$ cat start-v9.csv   # CSV, C-alpha atoms
chain,number,residue,atom,x,y,z
A,349,MET,CA,-53.7,-28.0,-22.6
A,350,MET,CA,-53.7,-24.4,-21.4
A,351,VAL,CA,-55.7,-25.3,-18.3
A,352,ALA,CA,-53.3,-28.1,-17.4
A,353,MET,CA,-50.3,-25.8,-17.8
A,354,HIS,CA,-52.0,-23.2,-15.6
A,355,ARG,CA,-52.7,-25.7,-12.9
A,356,PHE,CA,-49.1,-27.0,-13.1
A,357,LEU,CA,-47.7,-23.4,-12.7
A,358,ILE,CA,-50.0,-22.8,-9.7
A,359,ALA,CA,-48.8,-26.0,-8.1
A,360,VAL,CA,-45.1,-25.1,-8.6
A,361,VAL,CA,-45.7,-21.6,-7.1
A,362,ALA,CA,-47.6,-23.1,-4.1
A,363,LEU,CA,-44.9,-25.7,-3.5
A,364,THR,CA,-42.0,-23.2,-3.6
A,365,GLY,CA,-43.9,-20.9,-1.3
A,366,CYS,CA,-44.1,-23.6,1.4
A,367,GLY,CA,-40.4,-24.0,2.0
A,368,ILE,CA,-38.0,-21.8,3.9
A,369,ALA,CA,-36.2,-19.5,1.5
A,370,ASP,CA,-32.4,-19.4,1.1
A,371,PHE,CA,-30.7,-16.9,3.4
A,372,ASP,CA,-27.2,-15.4,3.7
A,373,VAL,CA,-24.8,-15.6,6.7
A,374,ASP,CA,-22.0,-13.0,6.8
A,375,GLN,CA,-18.6,-14.0,8.3
A,376,ALA,CA,-15.9,-11.4,8.9
A,377,VAL,CA,-12.2,-12.1,8.2
A,378,PRO,CA,-10.3,-10.6,11.1
A,379,GLU,CA,-7.6,-8.0,10.5
A,380,GLN,CA,-4.2,-9.4,9.9
A,381,MET,CA,-0.9,-8.3,8.3
A,382,VAL,CA,1.4,-9.4,5.5
A,383,GLN,CA,5.0,-8.5,6.5
A,384,GLY,CA,6.8,-6.4,4.0
A,385,SER,CA,10.5,-6.2,3.1
A,386,SER,CA,12.7,-3.7,1.4
A,387,ILE,CA,14.4,-6.6,-0.4
A,388,PRO,CA,12.3,-7.7,-3.4
A,389,SER,CA,11.6,-11.4,-3.2
A,390,PRO,CA,8.9,-13.9,-4.0
A,391,LEU,CA,6.3,-14.7,-1.4
A,392,ALA,CA,7.5,-17.8,0.3
A,393,ALA,CA,4.0,-18.6,1.6
A,394,LEU,CA,1.1,-16.4,1.0
A,395,PHE,CA,-0.6,-14.8,4.0
A,396,PRO,CA,-3.0,-16.9,6.0
A,397,LEU,CA,-6.7,-16.4,5.6
A,398,PRO,CA,-8.4,-17.3,8.9
A,399,LEU,CA,-12.0,-17.8,8.0
A,400,SER,CA,-14.2,-19.5,10.5
A,401,LEU,CA,-16.7,-21.9,9.0
A,402,ASP,CA,-18.6,-22.5,12.3
A,403,LEU,CA,-21.8,-21.0,11.0
A,404,ASN,CA,-24.0,-23.2,13.1
A,405,GLN,CA,-24.8,-20.5,15.7
A,406,LYS,CA,-25.8,-18.0,13.1
A,407,ILE,CA,-27.9,-20.6,11.3
A,408,LYS,CA,-29.7,-21.6,14.5
A,409,THR,CA,-31.0,-18.0,14.9
A,410,GLN,CA,-33.0,-18.7,11.8
A,411,ASP,CA,-36.0,-21.0,12.0
A,412,THR,CA,-34.9,-23.1,9.0
A,413,GLY,CA,-35.4,-26.7,9.7
A,414,PRO,CA,-32.9,-29.0,8.1
A,415,ILE,CA,-30.1,-27.5,5.9
A,416,GLY,CA,-29.6,-29.0,2.4
A,417,THR,CA,-26.4,-27.2,1.3
A,418,ILE,CA,-24.2,-24.2,2.2
A,419,THR,CA,-22.3,-22.4,-0.5
A,420,LEU,CA,-19.8,-19.5,-0.5
A,421,SER,CA,-21.4,-16.5,-2.2
A,422,SER,CA,-18.7,-13.8,-1.9
A,423,LEU,CA,-15.3,-13.2,-0.4
A,424,SER,CA,-13.3,-10.0,-0.4
A,425,LEU,CA,-10.2,-8.6,1.4
A,426,THR,CA,-9.8,-4.9,2.1
A,427,ILE,CA,-6.6,-3.0,2.8
A,428,THR,CA,-6.9,-1.3,6.2
A,429,LYS,CA,-5.1,1.8,7.5
A,430,THR,CA,-3.4,0.0,10.4
A,431,ASP,CA,-0.1,-0.4,8.6
A,432,GLU,CA,-0.2,2.8,6.5
A,433,PRO,CA,1.8,5.5,8.2
A,434,ALA,CA,1.4,9.1,6.9
A,435,GLY,CA,2.2,9.2,3.2
A,436,ASP,CA,1.9,5.5,2.7
A,437,THR,CA,-0.7,3.9,0.5
A,438,ASP,CA,-1.0,0.1,0.1
A,439,ASP,CA,-2.7,-2.0,-2.5
A,440,TRP,CA,-2.9,-5.6,-3.7
A,441,SER,CA,-0.5,-5.2,-6.6
A,442,PHE,CA,2.0,-7.5,-4.9
A,443,VAL,CA,-0.4,-10.5,-5.4
A,444,THR,CA,-0.2,-12.5,-8.6
A,445,SER,CA,-2.8,-15.2,-7.6
A,446,VAL,CA,-4.6,-16.6,-4.6
A,447,ASP,CA,-6.6,-19.9,-4.3
A,448,VAL,CA,-8.8,-20.5,-1.3
A,449,PHE,CA,-9.5,-24.0,-0.2
A,450,VAL,CA,-11.7,-25.7,2.4
A,451,GLU,CA,-10.8,-29.0,4.0
A,452,SER,CA,-12.1,-31.2,6.8
A,453,THR,CA,-10.2,-31.3,10.1
A,454,LYS,CA,-11.8,-34.7,11.0
A,455,SER,CA,-9.2,-37.5,11.3
A,456,GLY,CA,-9.8,-40.1,8.5
A,457,THR,CA,-12.2,-38.0,6.5
A,458,THR,CA,-13.1,-39.0,3.0
A,459,LEU,CA,-13.8,-35.4,2.0
A,460,PRO,CA,-11.2,-34.0,-0.4
A,461,LYS,CA,-9.6,-30.6,-0.1
A,462,VAL,CA,-11.6,-28.4,-2.5
A,463,LYS,CA,-11.0,-24.9,-4.0
A,464,ILE,CA,-13.8,-22.5,-3.1
A,465,ALA,CA,-12.5,-19.2,-4.5
A,466,SER,CA,-9.6,-17.6,-6.4
A,467,VAL,CA,-8.3,-14.3,-7.6
A,468,ALA,CA,-5.7,-13.5,-10.3
A,469,SER,CA,-3.7,-10.3,-10.6
A,470,PRO,CA,-6.0,-8.0,-8.6
A,471,GLY,CA,-3.8,-5.0,-9.4
A,472,ALA,CA,-3.4,-1.7,-7.5
A,473,VAL,CA,-6.8,-1.9,-5.8
A,474,GLN,CA,-7.8,-1.5,-2.1
A,475,VAL,CA,-10.4,-4.3,-2.3
A,476,MET,CA,-9.5,-7.7,-3.6
A,477,ASN,CA,-12.7,-9.5,-4.8
A,478,PHE,CA,-12.5,-13.3,-5.2
A,479,ALA,CA,-14.2,-15.3,-7.9
A,480,VAL,CA,-16.2,-18.0,-6.1
A,481,GLN,CA,-16.3,-21.6,-7.3
A,482,GLY,CA,-20.0,-22.1,-8.0
A,483,GLY,CA,-21.9,-25.0,-6.6
A,484,VAL,CA,-19.3,-26.2,-4.0
A,485,ASP,CA,-21.3,-27.5,-1.0
A,486,ILE,CA,-19.3,-26.8,2.1
A,487,LYS,CA,-21.9,-28.1,4.6
A,488,PRO,CA,-20.2,-31.6,4.9
A,489,TYR,CA,-16.9,-29.7,5.8
A,490,ILE,CA,-18.7,-27.6,8.4
A,491,ASP,CA,-20.4,-30.7,9.8
A,492,GLU,CA,-17.0,-32.5,10.3
A,493,GLY,CA,-15.1,-29.4,11.4
A,494,SER,CA,-13.3,-27.4,8.8
A,495,GLN,CA,-10.4,-25.1,8.0
A,496,VAL,CA,-9.7,-22.7,5.2
A,497,ASP,CA,-6.3,-22.2,3.8
A,498,THR,CA,-4.8,-20.4,0.9
A,499,SER,CA,-2.0,-20.8,-1.6
A,500,GLY,CA,-0.8,-18.2,-4.0
A,501,THR,CA,2.0,-16.4,-5.7
A,502,GLY,CA,3.3,-12.9,-5.8
A,503,MET,CA,6.1,-10.7,-4.4
A,504,VAL,CA,6.6,-9.6,-0.8
A,505,PRO,CA,5.3,-6.0,-0.5
A,506,ALA,CA,7.7,-3.2,0.1
A,507,ASP,CA,6.2,-2.5,3.6
A,508,ASP,CA,3.7,-4.1,5.9
A,509,VAL,CA,0.2,-4.4,4.6
A,510,SER,CA,-2.8,-4.9,6.9
A,511,TYR,CA,-6.2,-6.1,5.7
A,512,ASP,CA,-9.5,-7.5,6.9
A,513,GLY,CA,-12.4,-8.9,4.9
A,514,ALA,CA,-15.8,-10.2,4.6
A,515,SER,CA,-17.4,-13.4,3.3
A,516,THR,CA,-21.0,-14.3,2.7
A,517,PHE,CA,-22.4,-17.9,2.7
A,518,THR,CA,-25.8,-18.8,1.3
A,519,VAL,CA,-27.7,-21.4,3.3
A,520,HIS,CA,-30.1,-23.5,1.3
A,521,PRO,CA,-32.6,-25.2,3.6
A,522,LEU,CA,-34.3,-28.4,2.5

$ encode --input "start-v9.csv" --output "structure tokens"
Amino acid sequence: MMVAMHRFLIAVVALTGCGIADFDVDQAVPEQMVQGSSIPSPLAALFPLPLSLDLNQKIKTQDTGPIGTITLSSLSLTITKTDEPAGDTDDWSFVTSVDVFVESTKSGTTLPKVKIASVASPGAVQVMNFAVQGGVDIKPYIDEGSQVDTSGTGMVPADDVSYDGASTFTVHPL
């Protein structure tokens, strides 16, 4: 029994060593701005989150073979200094919640719009880290052409707030 188990473990290790390992692809979120107002009011529509999911060029630089799945591993938005004049400090306390979705841009698609990340009440922080929805395969969306959009709640900030961000996708080759 012990010899059989030992052979099985060697076979598993050998098989997993033959495949291409998962790898990460980083994608920047370009700098943008949420327009502030001195009149307190709810956010009519939360800020856009342009996130390109055209990862094919970055994946092609790897010698992977066919791709099985692609998942979002991390997403964060960071306040930048662009809209912080002297004496001003901005943070994410104006945000109550944000949901991030991916959807296909292909006409007649059967792929549903799906949530890939969210954040709730980030508070007075400079970096807003999203909780990623585990196991959501975005490869079919990338294959068809995709777009990312957000919905959320909060209050308009007192003044303009600029931010950029970073995302990491994990590519799982077959």

$ atom_distance --input "start-v9.csv" --atom1 "atom CA of Thr437 of chain A" --atom2 "atom CA of Val382 of chain A"
14.4 Å

$ atom_distance --input "start-v9.csv" --atom1 "atom CA of Met503 of chain A" --atom2 "atom CA of Ser469 of chain A"
11.6 Å

$ residues_around --input "start-v9.csv" --residues "Leu425 of chain A" --least-positions-apart "4" --cutoff "12 Å" --atoms "all atoms listed in the file" --output "number ranges by chain"
A: 376-381, 395-399, 439-440, 446, 466-467, 470, 473-478, 509-515

$ closest_residue --input "start-v9.csv" --among "A:Thr417, A:Thr444, A:Thr516, A:Thr426" --to "Lys487 of chain A" --atoms "only C-alpha atoms"
A:Thr417

$ atom_distance --input "start-v9.csv" --atom1 "atom CA of Ile387 of chain A" --atom2 "atom CA of Thr430 of chain A"
21.8 Å

$ closest_residue --input "start-v9.csv" --among "A:Pro388, A:Pro460, A:Gly416, A:Pro521" --to "Ser494 of chain A" --atoms "all atoms listed in the file"
A:Pro460

$ closest_residue --input "start-v9.csv" --among "A:Asp508, A:Asp370, A:Asp497, A:Asp491" --to "Ile427 of chain A" --atoms "only C-alpha atoms"
A:Asp508

$ closest_residue --input "start-v9.csv" --among "A:Leu420, A:Ile368, A:Val496, A:Ala468" --to "Val448 of chain A" --atoms "only C-alpha atoms"
A:Val496

$ closest_residue --input "start-v9.csv" --among "A:Ala506, A:Gly435, A:Val480, A:Leu459" --to "Gly493 of chain A" --atoms "only C-alpha atoms"
A:Leu459

$ closest_residue --input "start-v9.csv" --among "A:Pro505, A:Gly413, A:Gly500, A:Pro433" --to "Gly384 of chain A" --atoms "all atoms listed in the file"
A:Pro505

$ build_atoms --input "start-v9.csv" --residues "segment 423-439 of chain A" --atoms "N, CA and C atoms" --output "CSV table (one decimal), in the frame of the given file"
chain,number,residue,atom,x,y,z
A,423,LEU,N,-16.4,-13.3,-1.3
A,423,LEU,CA,-15.3,-13.2,-0.4
A,423,LEU,C,-14.5,-12.0,-0.9
A,424,SER,N,-14.1,-11.1,0.0
A,424,SER,CA,-13.3,-10.0,-0.4
A,424,SER,C,-12.4,-9.6,0.7
A,425,LEU,N,-11.2,-9.1,0.4
A,425,LEU,CA,-10.2,-8.6,1.4
A,425,LEU,C,-10.0,-7.1,1.1
A,426,THR,N,-10.0,-6.4,2.2
A,426,THR,CA,-9.8,-4.9,2.1
A,426,THR,C,-8.6,-4.4,2.8
A,427,ILE,N,-7.8,-3.6,2.2
A,427,ILE,CA,-6.6,-3.0,2.8
A,427,ILE,C,-7.1,-2.1,3.9
A,428,THR,N,-6.5,-2.2,5.1
A,428,THR,CA,-6.9,-1.3,6.2
A,428,THR,C,-5.8,-0.3,6.4
A,429,LYS,N,-6.1,0.7,7.2
A,429,LYS,CA,-5.1,1.8,7.5
A,429,LYS,C,-4.1,1.5,8.6
A,430,THR,N,-4.3,0.4,9.3
A,430,THR,CA,-3.4,0.0,10.4
A,430,THR,C,-1.9,0.1,10.1
A,431,ASP,N,-1.5,-0.4,9.0
A,431,ASP,CA,-0.1,-0.4,8.6
A,431,ASP,C,0.3,0.6,7.5
A,432,GLU,N,-0.5,1.7,7.5
A,432,GLU,CA,-0.2,2.8,6.5
A,432,GLU,C,0.1,4.0,7.3
A,433,PRO,N,1.4,4.2,7.5
A,433,PRO,CA,1.8,5.5,8.2
A,433,PRO,C,1.6,6.7,7.2
A,434,ALA,N,1.7,7.9,7.7
A,434,ALA,CA,1.4,9.1,6.9
A,434,ALA,C,2.2,9.0,5.6
A,435,GLY,N,1.6,9.2,4.5
A,435,GLY,CA,2.2,9.2,3.2
A,435,GLY,C,2.3,7.9,2.5
A,436,ASP,N,1.9,6.8,3.2
A,436,ASP,CA,1.9,5.5,2.7
A,436,ASP,C,0.5,5.1,2.1
A,437,THR,N,0.5,4.4,1.0
A,437,THR,CA,-0.7,3.9,0.5
A,437,THR,C,-0.4,2.4,0.1
A,438,ASP,N,-1.2,1.5,0.5
A,438,ASP,CA,-1.0,0.1,0.1
A,438,ASP,C,-2.1,-0.4,-0.8
A,439,ASP,N,-1.8,-1.4,-1.6
A,439,ASP,CA,-2.7,-2.0,-2.5
A,439,ASP,C,-2.4,-3.5,-2.7
